[in-house]
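Visitor: What follows is model_10.txt, made up of compact mmCIF, C-alpha atoms and all ligand atoms:
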```txt
# COMPACT_ATOMS: atom_id res chain seq x y z
CA MET A 1 -16.66 12.57 24.78
CA HIS A 2 -17.98 9.04 24.45
CA VAL A 3 -15.34 6.40 25.19
CA ASN A 4 -15.83 4.71 21.82
CA GLU A 5 -14.99 7.80 19.80
CA VAL A 6 -11.39 7.98 20.93
CA ASN A 7 -8.44 5.64 20.89
CA THR A 8 -8.18 4.72 24.57
CA HIS A 9 -6.47 1.78 26.27
CA ILE A 10 -9.85 0.18 26.80
CA MET A 11 -10.85 -2.63 24.45
CA PRO A 12 -14.63 -2.60 24.64
CA VAL A 13 -15.12 -5.63 22.39
CA GLN A 14 -15.24 -9.23 23.68
CA PHE A 15 -13.51 -11.69 21.40
CA GLU A 16 -11.79 -15.05 21.34
CA TYR A 17 -8.07 -14.84 20.57
CA HIS A 18 -6.36 -17.44 18.39
CA ALA A 19 -2.62 -17.72 17.71
CA PRO A 20 -2.06 -20.30 14.97
CA THR A 21 1.52 -21.33 14.23
CA SER A 22 0.99 -22.69 10.72
CA LEU A 23 -0.79 -21.46 7.62
CA ARG A 24 -3.00 -24.54 7.60
CA GLU A 25 -4.17 -23.86 11.15
CA ALA A 26 -4.79 -20.18 10.36
CA LEU A 27 -6.87 -21.03 7.29
CA GLU A 28 -8.89 -23.65 9.19
CA LEU A 29 -9.74 -21.06 11.83
CA LEU A 30 -10.68 -18.56 9.16
CA SER A 31 -12.92 -21.10 7.37
CA LYS A 32 -14.60 -22.03 10.65
CA HIS A 33 -15.26 -18.52 11.91
CA GLY A 34 -15.62 -16.76 8.53
CA GLY A 35 -17.48 -13.46 8.78
CA GLU A 36 -17.04 -13.30 12.57
CA ALA A 37 -13.24 -13.37 12.38
CA ALA A 38 -10.56 -10.77 11.74
CA PRO A 39 -6.92 -11.57 11.01
CA LEU A 40 -4.59 -9.61 13.29
CA ALA A 41 -1.17 -8.66 11.93
CA GLY A 42 0.45 -5.60 13.53
CA GLY A 43 -2.89 -4.39 14.88
CA THR A 44 -2.08 -0.73 14.17
CA ASP A 45 -5.32 -0.38 12.21
CA LEU A 46 -7.42 -3.26 13.54
CA LEU A 47 -7.01 -2.59 17.27
CA VAL A 48 -7.71 1.11 16.81
CA LYS A 49 -10.93 0.25 14.95
CA MET A 50 -11.91 -2.29 17.63
CA LYS A 51 -11.35 0.27 20.37
CA GLN A 52 -13.59 2.65 18.47
CA ARG A 53 -16.13 -0.14 17.87
CA LEU A 54 -15.94 0.40 14.14
CA VAL A 55 -15.40 -3.36 13.87
CA GLU A 56 -16.39 -5.98 16.42
CA PRO A 57 -14.95 -9.37 15.46
CA ARG A 58 -15.90 -12.32 17.69
CA HIS A 59 -12.66 -14.09 16.77
CA VAL A 60 -9.25 -12.46 16.35
CA ILE A 61 -6.71 -14.62 14.52
CA ASN A 62 -3.13 -13.49 15.07
CA ILE A 63 -1.19 -14.33 11.90
CA LYS A 64 2.21 -13.06 13.03
CA ASN A 65 3.40 -16.49 14.17
CA VAL A 66 2.63 -18.09 10.82
CA PRO A 67 6.07 -18.53 9.24
CA GLU A 68 4.68 -19.04 5.71
CA LEU A 69 3.36 -15.45 5.74
CA SER A 70 6.62 -13.63 6.50
CA GLY A 71 9.84 -12.98 4.62
CA ILE A 72 11.38 -11.25 1.62
CA GLU A 73 12.70 -13.38 -1.23
CA GLU A 74 14.03 -12.83 -4.72
CA ARG A 75 12.69 -15.57 -7.00
CA GLY A 76 13.73 -15.25 -10.63
CA ASP A 77 12.80 -11.77 -11.82
CA GLU A 78 10.37 -11.16 -8.96
CA ILE A 79 10.58 -10.07 -5.37
CA HIS A 80 8.09 -11.79 -3.05
CA ILE A 81 7.14 -10.25 0.27
CA GLY A 82 5.04 -12.18 2.80
CA ALA A 83 1.92 -10.33 3.93
CA ALA A 84 2.88 -10.48 7.61
CA THR A 85 6.35 -9.04 6.98
CA LYS A 86 6.89 -6.01 9.18
CA LEU A 87 7.41 -2.69 7.44
CA ARG A 88 10.60 -2.17 9.43
CA ALA A 89 12.01 -5.38 7.93
CA ILE A 90 11.13 -4.11 4.45
CA GLU A 91 12.74 -0.75 5.19
CA LYS A 92 15.97 -2.48 6.25
CA SER A 93 15.97 -5.20 3.58
CA GLU A 94 19.00 -5.26 1.28
CA ILE A 95 16.88 -6.93 -1.43
CA VAL A 96 14.26 -4.18 -1.28
CA ARG A 97 16.90 -1.45 -1.24
CA ALA A 98 18.59 -2.86 -4.34
CA ARG A 99 15.57 -4.11 -6.31
CA LEU A 100 12.56 -2.05 -5.20
CA PRO A 101 13.90 1.29 -3.92
CA LEU A 102 10.48 2.83 -4.62
CA LEU A 103 8.87 0.59 -1.99
CA GLN A 104 11.61 1.36 0.51
CA GLU A 105 11.14 5.10 -0.06
CA ALA A 106 7.39 4.76 0.55
CA VAL A 107 7.77 2.60 3.66
CA ARG A 108 10.15 5.11 5.24
CA THR A 109 7.39 7.73 5.17
CA LEU A 110 4.80 5.50 6.86
CA GLY A 111 4.08 6.43 10.48
CA SER A 112 7.02 6.23 12.90
CA VAL A 113 9.68 3.60 13.62
CA GLN A 114 7.43 2.35 16.43
CA ILE A 115 4.52 1.90 14.00
CA ARG A 116 6.74 0.27 11.38
CA ASN A 117 8.04 -2.16 13.99
CA MET A 118 4.46 -3.39 14.49
CA ALA A 119 2.75 -2.79 11.15
CA THR A 120 2.90 -5.20 8.21
CA ILE A 121 2.68 -4.73 4.47
CA GLY A 122 -0.35 -7.04 4.28
CA GLY A 123 -2.15 -5.02 6.95
CA ASN A 124 -1.51 -1.81 5.04
CA LEU A 125 -3.01 -3.34 1.87
CA CYS A 126 -5.92 -5.24 3.49
CA ASN A 127 -6.96 -2.19 5.50
CA ALA A 128 -7.51 -0.71 2.04
CA SER A 129 -7.21 2.95 2.93
CA PRO A 130 -7.19 5.10 -0.22
CA ALA A 131 -4.09 6.73 1.33
CA ALA A 132 -2.11 3.53 2.07
CA ASP A 133 1.49 4.39 1.25
CA THR A 134 2.69 0.91 0.26
CA ALA A 135 -0.30 0.52 -2.05
CA THR A 136 0.63 3.55 -4.16
CA ALA A 137 4.24 2.39 -4.46
CA LEU A 138 3.25 -1.19 -5.26
CA LEU A 139 0.80 -0.03 -7.95
CA ALA A 140 3.61 1.86 -9.68
CA LEU A 141 5.70 -1.31 -9.38
CA ASP A 142 2.96 -3.34 -11.13
CA ALA A 143 2.71 -5.67 -8.14
CA LYS A 144 0.42 -8.66 -7.71
CA ALA A 145 -1.58 -9.81 -4.68
CA HIS A 146 -1.47 -13.52 -3.88
CA MET A 147 -4.33 -14.84 -1.77
CA VAL A 148 -4.78 -18.17 -0.04
CA SER A 149 -7.69 -20.08 1.55
CA SER A 150 -8.38 -23.71 2.49
CA GLU A 151 -9.72 -24.07 -1.04
CA GLY A 152 -6.53 -22.97 -2.82
CA THR A 153 -4.68 -19.90 -4.03
CA ARG A 154 -5.39 -17.10 -6.49
CA THR A 155 -3.55 -14.07 -7.74
CA VAL A 156 -4.78 -10.69 -8.97
CA PRO A 157 -2.94 -7.61 -10.19
CA LEU A 158 -2.83 -5.21 -7.22
CA GLU A 159 -4.85 -2.77 -9.30
CA GLU A 160 -7.80 -5.21 -9.04
CA PHE A 161 -7.32 -5.91 -5.33
CA PHE A 162 -8.97 -2.74 -4.00
CA THR A 163 -12.71 -2.28 -4.54
CA GLY A 164 -13.44 0.78 -2.37
CA PRO A 165 -12.48 2.50 0.87
CA GLY A 166 -11.78 -0.34 3.35
CA ARG A 167 -12.81 -2.96 0.77
CA THR A 168 -10.85 -5.52 -1.22
CA VAL A 169 -11.55 -8.65 -3.29
CA LEU A 170 -10.55 -10.85 -0.32
CA LYS A 171 -13.25 -13.39 0.60
CA GLN A 172 -14.11 -14.10 4.22
CA ASN A 173 -12.10 -17.33 4.23
CA GLU A 174 -9.05 -15.83 2.49
CA LEU A 175 -5.82 -14.32 3.67
CA LEU A 176 -3.48 -12.16 1.68
CA ALA A 177 -0.45 -14.46 1.58
CA GLU A 178 2.11 -12.27 -0.18
CA VAL A 179 2.72 -9.54 -2.71
CA SER A 180 5.13 -9.87 -5.59
CA SER A 181 6.69 -7.25 -7.76
CA PRO A 182 8.83 -7.52 -10.87
CA ARG A 183 12.40 -6.47 -10.13
CA LEU A 184 12.93 -2.91 -11.39
CA PRO A 185 15.05 -2.67 -14.54
CA GLU A 186 18.54 -1.27 -13.88
CA ASP A 187 17.99 1.72 -16.17
CA CYS A 188 14.87 3.11 -14.54
CA GLY A 189 14.34 5.81 -11.94
CA THR A 190 11.58 5.94 -9.33
CA ALA A 191 10.20 8.44 -6.85
CA PHE A 192 7.64 8.48 -4.03
CA ILE A 193 6.40 11.77 -2.62
CA LYS A 194 3.84 12.27 0.11
CA ILE A 195 2.33 15.26 1.83
CA GLY A 196 0.46 15.06 5.11
CA ARG A 197 -0.56 17.36 7.92
CA THR A 198 2.28 16.01 10.09
CA SER A 199 5.00 13.44 9.50
CA LEU A 200 2.95 10.90 11.51
CA ASP A 201 -0.33 11.46 9.72
CA VAL A 202 -1.55 9.42 6.75
CA ALA A 203 -1.12 11.06 3.35
CA THR A 204 -3.17 14.01 2.20
CA VAL A 205 -1.89 13.00 -1.23
CA ASN A 206 0.84 10.56 -2.21
CA VAL A 207 2.35 9.79 -5.60
CA ALA A 208 4.64 7.06 -6.92
CA VAL A 209 6.39 7.05 -10.27
CA MET A 210 8.46 4.52 -12.24
CA LEU A 211 10.23 5.90 -15.28
CA ARG A 212 12.47 4.21 -17.84
CA LEU A 213 14.23 6.43 -20.35
CA GLU A 214 15.45 5.53 -23.81
CA GLY A 215 17.94 8.33 -24.33
CA GLU A 216 15.92 11.47 -23.64
CA VAL A 217 12.61 9.79 -24.42
CA VAL A 218 10.27 8.02 -21.99
CA GLY A 219 10.43 4.30 -22.84
CA ASP A 220 8.10 3.17 -20.07
CA CYS A 221 6.30 4.87 -17.25
CA ARG A 222 3.91 3.98 -14.42
CA ILE A 223 2.13 6.53 -12.26
CA ALA A 224 0.07 5.89 -9.12
CA LEU A 225 -1.73 8.29 -6.81
CA GLY A 226 -3.18 7.84 -3.32
CA ALA A 227 -5.82 9.66 -1.25
CA VAL A 228 -7.43 11.13 -4.35
CA ALA A 229 -10.08 8.48 -5.17
CA PRO A 230 -11.97 5.69 -3.35
CA THR A 231 -8.90 3.44 -3.82
CA PRO A 232 -5.24 4.07 -4.62
CA ILE A 233 -5.11 4.29 -8.43
CA ARG A 234 -2.89 3.93 -11.49
CA VAL A 235 -3.22 6.89 -13.86
CA HIS A 236 -2.93 5.11 -17.21
CA ARG A 237 -3.94 8.07 -19.36
CA ALA A 238 -1.13 10.22 -17.99
CA GLU A 239 1.33 7.34 -18.52
CA GLU A 240 0.27 7.00 -22.16
CA VAL A 241 0.83 10.68 -23.00
CA LEU A 242 4.38 10.48 -21.71
CA LYS A 243 5.49 7.33 -23.51
CA GLY A 244 7.71 8.07 -26.52
CA LYS A 245 8.07 11.75 -25.54
CA GLU A 246 10.76 13.84 -23.92
CA LEU A 247 10.05 15.09 -20.40
CA THR A 248 9.73 18.78 -21.21
CA ASP A 249 7.82 21.44 -19.27
CA GLU A 250 5.04 21.00 -21.80
CA THR A 251 4.72 17.18 -21.54
CA LEU A 252 5.01 17.33 -17.75
CA LYS A 253 2.25 19.91 -17.62
CA THR A 254 0.01 17.83 -19.90
CA ALA A 255 0.55 14.63 -17.87
CA ALA A 256 -0.10 16.47 -14.60
CA ARG A 257 -3.30 18.04 -15.99
CA ILE A 258 -4.55 14.65 -17.21
CA ALA A 259 -3.79 13.09 -13.83
CA SER A 260 -5.69 15.83 -12.05
CA GLU A 261 -8.67 15.36 -14.41
CA SER A 262 -8.63 11.58 -13.83
CA ILE A 263 -8.99 11.68 -10.04
CA LYS A 264 -12.02 12.03 -7.79
CA PRO A 265 -10.76 13.41 -4.48
CA ILE A 266 -13.03 14.16 -1.54
CA THR A 267 -13.02 16.99 0.96
CA ASP A 268 -12.31 15.72 4.48
CA ILE A 269 -10.56 16.81 7.67
CA ARG A 270 -7.17 16.56 5.93
CA ALA A 271 -7.81 18.70 2.85
CA THR A 272 -10.35 19.96 0.36
CA ALA A 273 -10.92 18.18 -2.94
CA ASP A 274 -9.58 21.23 -4.77
CA TYR A 275 -6.37 21.24 -2.72
CA ARG A 276 -5.88 17.55 -3.48
CA LYS A 277 -6.30 18.19 -7.22
CA GLN A 278 -3.73 20.96 -7.21
CA ALA A 279 -1.34 19.03 -4.97
CA SER A 280 -1.58 15.98 -7.25
CA GLU A 281 -0.44 18.05 -10.24
CA THR A 282 2.53 19.55 -8.41
CA LEU A 283 3.60 16.31 -6.71
CA LEU A 284 3.38 14.38 -9.96
CA ARG A 285 5.57 16.90 -11.78
CA ASP A 286 8.11 16.78 -8.92
CA ALA A 287 8.07 12.98 -8.80
CA LEU A 288 8.59 12.69 -12.56
CA MET A 289 11.53 15.10 -12.45
CA THR A 290 13.10 13.24 -9.50
CA ALA A 291 12.60 9.88 -11.23
CA LYS A 292 14.16 11.32 -14.39
CA LYS A 293 17.26 12.50 -12.51
CA ARG A 294 17.60 9.11 -10.81
CA ALA A 295 17.20 7.28 -14.14
CA GLN A 296 19.93 9.46 -15.71
CA ARG A 297 22.29 8.72 -12.81
CA ARG A 298 22.20 4.96 -13.47
C1 LIG B 1 0.04 6.57 14.52
C2 LIG B 1 -0.25 5.89 13.21
C3 LIG B 1 0.32 6.38 12.06
C4 LIG B 1 0.07 5.76 10.82
N1 LIG B 1 0.64 6.29 9.70
C5 LIG B 1 0.38 5.71 8.51
C6 LIG B 1 0.95 6.25 7.32
O1 LIG B 1 1.70 7.23 7.34
N2 LIG B 1 0.65 5.65 6.14
C7 LIG B 1 -0.18 4.55 6.05
O2 LIG B 1 -0.39 4.05 4.95
N3 LIG B 1 -0.73 4.02 7.18
C8 LIG B 1 -0.47 4.57 8.39
N4 LIG B 1 -1.05 4.05 9.52
C9 LIG B 1 -1.96 2.90 9.42
C10 LIG B 1 -1.34 1.52 9.73
O3 LIG B 1 -0.21 1.63 10.57
C11 LIG B 1 -0.93 0.77 8.43
O4 LIG B 1 -2.04 0.65 7.58
C12 LIG B 1 -0.33 -0.60 8.75
O5 LIG B 1 0.47 -1.03 7.68
C13 LIG B 1 -1.37 -1.67 9.05
O6 LIG B 1 -0.69 -2.90 9.22
P1 LIG B 1 -0.99 -3.84 10.47
O7 LIG B 1 -0.11 -5.03 10.30
O8 LIG B 1 -0.87 -3.12 11.75
O9 LIG B 1 -2.50 -4.22 10.17
P2 LIG B 1 -3.66 -4.72 11.16
O10 LIG B 1 -4.16 -3.59 11.96
O11 LIG B 1 -3.22 -5.94 11.89
O12 LIG B 1 -4.74 -5.15 10.06
C14 LIG B 1 -5.37 -4.20 9.21
C15 LIG B 1 -6.56 -4.88 8.50
O13 LIG B 1 -6.09 -5.84 7.58
C16 LIG B 1 -6.56 -7.16 7.91
N5 LIG B 1 -5.42 -8.04 7.64
C17 LIG B 1 -4.15 -7.88 8.09
N6 LIG B 1 -3.34 -8.77 7.50
C18 LIG B 1 -4.11 -9.52 6.68
C19 LIG B 1 -3.85 -10.61 5.78
N7 LIG B 1 -2.62 -11.10 5.61
N8 LIG B 1 -4.89 -11.14 5.08
C20 LIG B 1 -6.14 -10.64 5.23
N9 LIG B 1 -6.45 -9.61 6.04
C21 LIG B 1 -5.45 -9.07 6.76
C22 LIG B 1 -6.99 -7.07 9.38
O14 LIG B 1 -8.00 -8.01 9.70
C23 LIG B 1 -7.48 -5.64 9.43
O15 LIG B 1 -8.78 -5.56 8.91
C24 LIG B 1 -0.80 4.62 10.77
C25 LIG B 1 -1.37 4.13 11.96
C26 LIG B 1 -1.10 4.75 13.16
C27 LIG B 1 -1.73 4.17 14.41
```
Render the structure in this file as C-alpha cells.

Guide:
Amino acid sequence: MHVNEVNTHIMPVQFEYHAPTSLREALELLSKHGGEAAPLAGGTDLLVKMKQRLVEPRHVINIKNVPELSGIEERGDEIHIGAATKLRAIEKSEIVRARLPLLQEAVRTLGSVQIRNMATIGGNLCNASPAADTATALLALDAKAHMVSSEGTRTVPLEEFFTGPGRTVLKQNELLAEVSSPRLPEDCGTAFIKIGRTSLDVATVNVAVMLRLEGEVVGDCRIALGAVAPTPIRVHRAEEVLKGKELTDETLKTAARIASESIKPITDIRATADYRKQASETLLRDALMTAKKRAQRR
C-alpha cells in the first residue's frame, strides 16, 4: 500500500510551524499566510489528513497556546465555550453538566479519552464532518458560532456555519473563536444517541433532541441529525409536527417518518443510505422518548 494512503508516523508534508501566544499574533499569522495556512488545535483530524496528503498546508499555526480561545464561561443566559477548549475539559465541566447536559452526553461518545484529551470543540466543528458529534448536539441547542479575524468579529447561527462536507463559512483569515449556547430551561429534557461500527468510530448516524413539555404536550422541541446529509442538520419539519401535541406512538411515528423523508444520506463504508434512513427513524423515536422521560423527572 502507498505510504500516503495510511495513517503512519511519517509526516510527508514540509511546513513552517508557528506557535502564537496571543489571539492578535495568531490572527496576524493567519492574515499573512492566508490560503497556505492551517490552524492546528488538537490535530486529531488535521495531522491525519496531512499524513495522508489530503491537505498540504505550508504554514501550521498552533492555536492551543492562545488563552483567548480556551475556556468555559456562563455569561447571562448563555454558555460560551472557547474553540480551542479540549473535549475532555467540556466533558468534566460542572457548568456543562448542569447547563448543557446534551453537549456533555455527546462529547462522552466522541472517540476515546486519549482523543478527547487532544481534540477540541472548535476542531470538531471546523473539520465539518457531517458526522461530527458536537455539531449535532449544538444544533439541537440552537448554538451560535463566533468568528474572529484581524478585521473584526462576526456571529452566525451554527445552522449556517456548515456549507458542505469539510466546508464552513469561515474565511481564510478567520478563526472560530467560540461557540455559545443558550442555557437549557430547567423544565426540558434532552437526549443524544449515536450508532457506529465500533465505539471509537465516527457516527453511522447520530441524533440530538431537546424537548420542553407543557403538561403532556410538547411546548418546544429541537431535533438534529448527523451523518445523514452533506452537513449535520436541524429537522424543522419534524419539530413543527410535534409542537402542541402529545408524544404518542402516532405522533412519534409521524415525526420519525418526516425526519427520514427530510434527509439525504449516502452509502459509504459505514452503512447504506437505506440503513441510515431506517436508523434515523428508530434513533429519533428513542431519543424523543428518553428526552420525554428526562423532562418529566425535572
Ligand atoms: C481515533 C479517532 C476517533 C475519532 N472519533 C470521533 C468521533 O467519535 N466523533 C467525532 O465527531 N469525531 C471523531 N474523531 C475526529 C476528531 O477527533 C474530532 O473531529 C476532533 O474534535 C477534532 O478536533 P481537533 O482539535 O483535533 O482538530 P484539528 O485536527 O486540530 O483541526 C481540525 C480542522 O479544523 C481546523 N481548525 C481547528 N480549530 C480551528 C479554529 N478555532 N478556527 C478555524 N479552524 C480551526 C483545522 O485547521 C483543521 O482543518 C476521531 C478521530 C480519531 C483520530

Visitor: Mind listing the residues within 8 Å of ligand LIG 1 (chain B), all atoms listed in the file counted, as a ChimeraX atom specification?

Guide: /A:37-48,63,69,83-84,86-87,109-112,115-116,118-129,131-135,147,170,174-178,199-203

Visitor: Pull C-alpha atoms from the residues just selected and write them as a PDB file, in the frame of the given file.

Guide:
```
ATOM      1  CA  ALA A  37     -13.240 -13.370  12.380  1.00  0.00           C
ATOM      2  CA  ALA A  38     -10.560 -10.770  11.740  1.00  0.00           C
ATOM      3  CA  PRO A  39      -6.920 -11.570  11.010  1.00  0.00           C
ATOM      4  CA  LEU A  40      -4.590  -9.610  13.290  1.00  0.00           C
ATOM      5  CA  ALA A  41      -1.170  -8.660  11.930  1.00  0.00           C
ATOM      6  CA  GLY A  42       0.450  -5.600  13.530  1.00  0.00           C
ATOM      7  CA  GLY A  43      -2.890  -4.390  14.880  1.00  0.00           C
ATOM      8  CA  THR A  44      -2.080  -0.730  14.170  1.00  0.00           C
ATOM      9  CA  ASP A  45      -5.320  -0.380  12.210  1.00  0.00           C
ATOM     10  CA  LEU A  46      -7.420  -3.260  13.540  1.00  0.00           C
ATOM     11  CA  LEU A  47      -7.010  -2.590  17.270  1.00  0.00           C
ATOM     12  CA  VAL A  48      -7.710   1.110  16.810  1.00  0.00           C
ATOM     13  CA  ILE A  63      -1.190 -14.330  11.900  1.00  0.00           C
ATOM     14  CA  LEU A  69       3.360 -15.450   5.740  1.00  0.00           C
ATOM     15  CA  ALA A  83       1.920 -10.330   3.930  1.00  0.00           C
ATOM     16  CA  ALA A  84       2.880 -10.480   7.610  1.00  0.00           C
ATOM     17  CA  LYS A  86       6.890  -6.010   9.180  1.00  0.00           C
ATOM     18  CA  LEU A  87       7.410  -2.690   7.440  1.00  0.00           C
ATOM     19  CA  THR A 109       7.390   7.730   5.170  1.00  0.00           C
ATOM     20  CA  LEU A 110       4.800   5.500   6.860  1.00  0.00           C
ATOM     21  CA  GLY A 111       4.080   6.430  10.480  1.00  0.00           C
ATOM     22  CA  SER A 112       7.020   6.230  12.900  1.00  0.00           C
ATOM     23  CA  ILE A 115       4.520   1.900  14.000  1.00  0.00           C
ATOM     24  CA  ARG A 116       6.740   0.270  11.380  1.00  0.00           C
ATOM     25  CA  MET A 118       4.460  -3.390  14.490  1.00  0.00           C
ATOM     26  CA  ALA A 119       2.750  -2.790  11.150  1.00  0.00           C
ATOM     27  CA  THR A 120       2.900  -5.200   8.210  1.00  0.00           C
ATOM     28  CA  ILE A 121       2.680  -4.730   4.470  1.00  0.00           C
ATOM     29  CA  GLY A 122      -0.350  -7.040   4.280  1.00  0.00           C
ATOM     30  CA  GLY A 123      -2.150  -5.020   6.950  1.00  0.00           C
ATOM     31  CA  ASN A 124      -1.510  -1.810   5.040  1.00  0.00           C
ATOM     32  CA  LEU A 125      -3.010  -3.340   1.870  1.00  0.00           C
ATOM     33  CA  CYS A 126      -5.920  -5.240   3.490  1.00  0.00           C
ATOM     34  CA  ASN A 127      -6.960  -2.190   5.500  1.00  0.00           C
ATOM     35  CA  ALA A 128      -7.510  -0.710   2.040  1.00  0.00           C
ATOM     36  CA  SER A 129      -7.210   2.950   2.930  1.00  0.00           C
ATOM     37  CA  ALA A 131      -4.090   6.730   1.330  1.00  0.00           C
ATOM     38  CA  ALA A 132      -2.110   3.530   2.070  1.00  0.00           C
ATOM     39  CA  ASP A 133       1.490   4.390   1.250  1.00  0.00           C
ATOM     40  CA  THR A 134       2.690   0.910   0.260  1.00  0.00           C
ATOM     41  CA  ALA A 135      -0.300   0.520  -2.050  1.00  0.00           C
ATOM     42  CA  MET A 147      -4.330 -14.840  -1.770  1.00  0.00           C
ATOM     43  CA  LEU A 170     -10.550 -10.850  -0.320  1.00  0.00           C
ATOM     44  CA  GLU A 174      -9.050 -15.830   2.490  1.00  0.00           C
ATOM     45  CA  LEU A 175      -5.820 -14.320   3.670  1.00  0.00           C
ATOM     46  CA  LEU A 176      -3.480 -12.160   1.680  1.00  0.00           C
ATOM     47  CA  ALA A 177      -0.450 -14.460   1.580  1.00  0.00           C
ATOM     48  CA  GLU A 178       2.110 -12.270  -0.180  1.00  0.00           C
ATOM     49  CA  SER A 199       5.000  13.440   9.500  1.00  0.00           C
ATOM     50  CA  LEU A 200       2.950  10.900  11.510  1.00  0.00           C
ATOM     51  CA  ASP A 201      -0.330  11.460   9.720  1.00  0.00           C
ATOM     52  CA  VAL A 202      -1.550   9.420   6.750  1.00  0.00           C
ATOM     53  CA  ALA A 203      -1.120  11.060   3.350  1.00  0.00           C
TER      54      ALA A 203
END
```

Visitor: List as a tab-separated table every residue of stretch 126-222 of chain A that is in contact with stretch 253-276 of chain A, defined as an atom at most 8 Å from one of its atoms (using all atoms listed in the file), together with the nearest atom pair and the distance in Å rounded to one decimal, sorted by chain and then rising number.

Guide:
```
residue	atom	partner	partner_atom	distance
A:Gly196	CA	A:Arg270	CA	7.8
A:Arg197	CA	A:Arg270	CA	6.9
A:Thr204	CA	A:Arg270	CA	6.0
A:Val205	CA	A:Arg276	CA	6.5
```

Visitor: What is the distance between atom CA of A:Ile90 and atom CA of A:Arg183, in Å to one decimal?

Guide: 14.8 Å

Visitor: Identify the residues around (-4.5, 6.6, -7.7) within a radius of 10 Å, measuring from only C-alpha atoms in the coordinates stated by the file, and give them as an mmCIF file with C-alpha atoms, in the coordinates of the input.

Guide:
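The resulting result.cif:
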```
data_model
loop_
_atom_site.group_PDB
_atom_site.id
_atom_site.type_symbol
_atom_site.label_atom_id
_atom_site.label_comp_id
_atom_site.auth_asym_id
_atom_site.auth_seq_id
_atom_site.Cartn_x
_atom_site.Cartn_y
_atom_site.Cartn_z
ATOM 1 C CA PRO A 130 -7.190 5.100 -0.220
ATOM 2 C CA ALA A 131 -4.090 6.730 1.330
ATOM 3 C CA ALA A 135 -0.300 0.520 -2.050
ATOM 4 C CA THR A 136 0.630 3.550 -4.160
ATOM 5 C CA LEU A 139 0.800 -0.030 -7.950
ATOM 6 C CA ALA A 140 3.610 1.860 -9.680
ATOM 7 C CA GLU A 159 -4.850 -2.770 -9.300
ATOM 8 C CA VAL A 205 -1.890 13.000 -1.230
ATOM 9 C CA ASN A 206 0.840 10.560 -2.210
ATOM 10 C CA VAL A 207 2.350 9.790 -5.600
ATOM 11 C CA ALA A 208 4.640 7.060 -6.920
ATOM 12 C CA ILE A 223 2.130 6.530 -12.260
ATOM 13 C CA ALA A 224 0.070 5.890 -9.120
ATOM 14 C CA LEU A 225 -1.730 8.290 -6.810
ATOM 15 C CA GLY A 226 -3.180 7.840 -3.320
ATOM 16 C CA ALA A 227 -5.820 9.660 -1.250
ATOM 17 C CA VAL A 228 -7.430 11.130 -4.350
ATOM 18 C CA ALA A 229 -10.080 8.480 -5.170
ATOM 19 C CA PRO A 230 -11.970 5.690 -3.350
ATOM 20 C CA THR A 231 -8.900 3.440 -3.820
ATOM 21 C CA PRO A 232 -5.240 4.070 -4.620
ATOM 22 C CA ILE A 233 -5.110 4.290 -8.430
ATOM 23 C CA ARG A 234 -2.890 3.930 -11.490
ATOM 24 C CA VAL A 235 -3.220 6.890 -13.860
ATOM 25 C CA HIS A 236 -2.930 5.110 -17.210
ATOM 26 C CA ALA A 259 -3.790 13.090 -13.830
ATOM 27 C CA SER A 262 -8.630 11.580 -13.830
ATOM 28 C CA ILE A 263 -8.990 11.680 -10.040
ATOM 29 C CA LYS A 264 -12.020 12.030 -7.790
ATOM 30 C CA PRO A 265 -10.760 13.410 -4.480
ATOM 31 C CA SER A 280 -1.580 15.980 -7.250
#
```

Visitor: Between A:Leu252, A:Ala191, A:Met210, A:Val217, which residue has the minimum interatomic distance to A:Glu281, considering all atoms listed in the file?

Guide: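 Between A:Leu252, A:Ala191, A:Met210, A:Val217, the residue approaching A:Glu281 most closely is A:Leu252.
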
Visitor: Have a look at atom CA of A:Phe15 and atom CA of A:Arg58 and let me know their distance in Å, one decimal.

Guide: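 Atom-to-atom, atom CA of A:Phe15 to atom CA of A:Arg58, that is 4.5 Å.
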
Visitor: Closest to A:Leu103 among A:Leu29, A:Ile81, A:Leu283, A:Leu288, using only C-alpha atoms?

Guide: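 Comparing A:Leu29, A:Ile81, A:Leu283, A:Leu288 against A:Leu103, the winner is A:Ile81.
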
Visitor: Rounded to one decimal place, report the atom CA of A:Glu78-atom CA of A:Val169 distance in Å.

Guide: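 These atoms are spaced 22.8 Å apart.
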
Visitor: Could you tell me which of A:Asp249, A:Glu239, A:Ile61, A:Leu211 comes closest to A:Gln296 if we count only C-alpha atoms?

Guide: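 Once distances to A:Gln296 are computed over only C-alpha atoms, the minimum belongs to A:Leu211.
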
Visitor: Could the centre and edge lengths of an axis-aligned box, enclosing all atoms of stretch 201-207 of chain A in the file with 4 Å extra on each side, be given in Å to one decimal as lines of an AutoDock Vina configuration file?

Guide:
```
center_x = -0.4
center_y = 11.7
center_z = 2.1
size_x = 13.5
size_y = 12.6
size_z = 23.3
```

Visitor: Could you tell me which of A:Val218, A:Leu158, A:Ala145, A:Val66 comes closest to A:Val241 if we count only C-alpha atoms?

Guide: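 Of all the options, A:Val218 lies closest to A:Val241.
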
Visitor: Point out the residue among A:Arg285, A:Arg167, A:Lys245, A:Arg75 with the least atom-to-atom distance to A:Pro182, counting all atoms listed in the file.

Guide: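 Ranked by minimum distance to A:Pro182, first place goes to A:Arg75.
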
Visitor: Extract, using all atoms listed in the file, all DNA, RNA and protein residues at most 10 Å from A:Gly35, discarding same-chain residues fewer than 2 positions from it, and format them as a CSV table (one decimal) with C-alpha atoms, in the coordinates of the input.

Guide:
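The result, stored in part_15.csv:
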```csv
chain,number,residue,atom,x,y,z
A,30,LEU,CA,-10.7,-18.6,9.2
A,31,SER,CA,-12.9,-21.1,7.4
A,32,LYS,CA,-14.6,-22.0,10.6
A,33,HIS,CA,-15.3,-18.5,11.9
A,37,ALA,CA,-13.2,-13.4,12.4
A,38,ALA,CA,-10.6,-10.8,11.7
A,57,PRO,CA,-15.0,-9.4,15.5
A,58,ARG,CA,-15.9,-12.3,17.7
A,59,HIS,CA,-12.7,-14.1,16.8
A,171,LYS,CA,-13.2,-13.4,0.6
A,172,GLN,CA,-14.1,-14.1,4.2
A,173,ASN,CA,-12.1,-17.3,4.2
```

Visitor: Tell me which of A:Pro20, A:Lys243, A:Leu54, A:Gly34 sits closest to A:Gly166, counting all atoms listed in the file.

Guide: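 Nearest to A:Gly166: A:Leu54.
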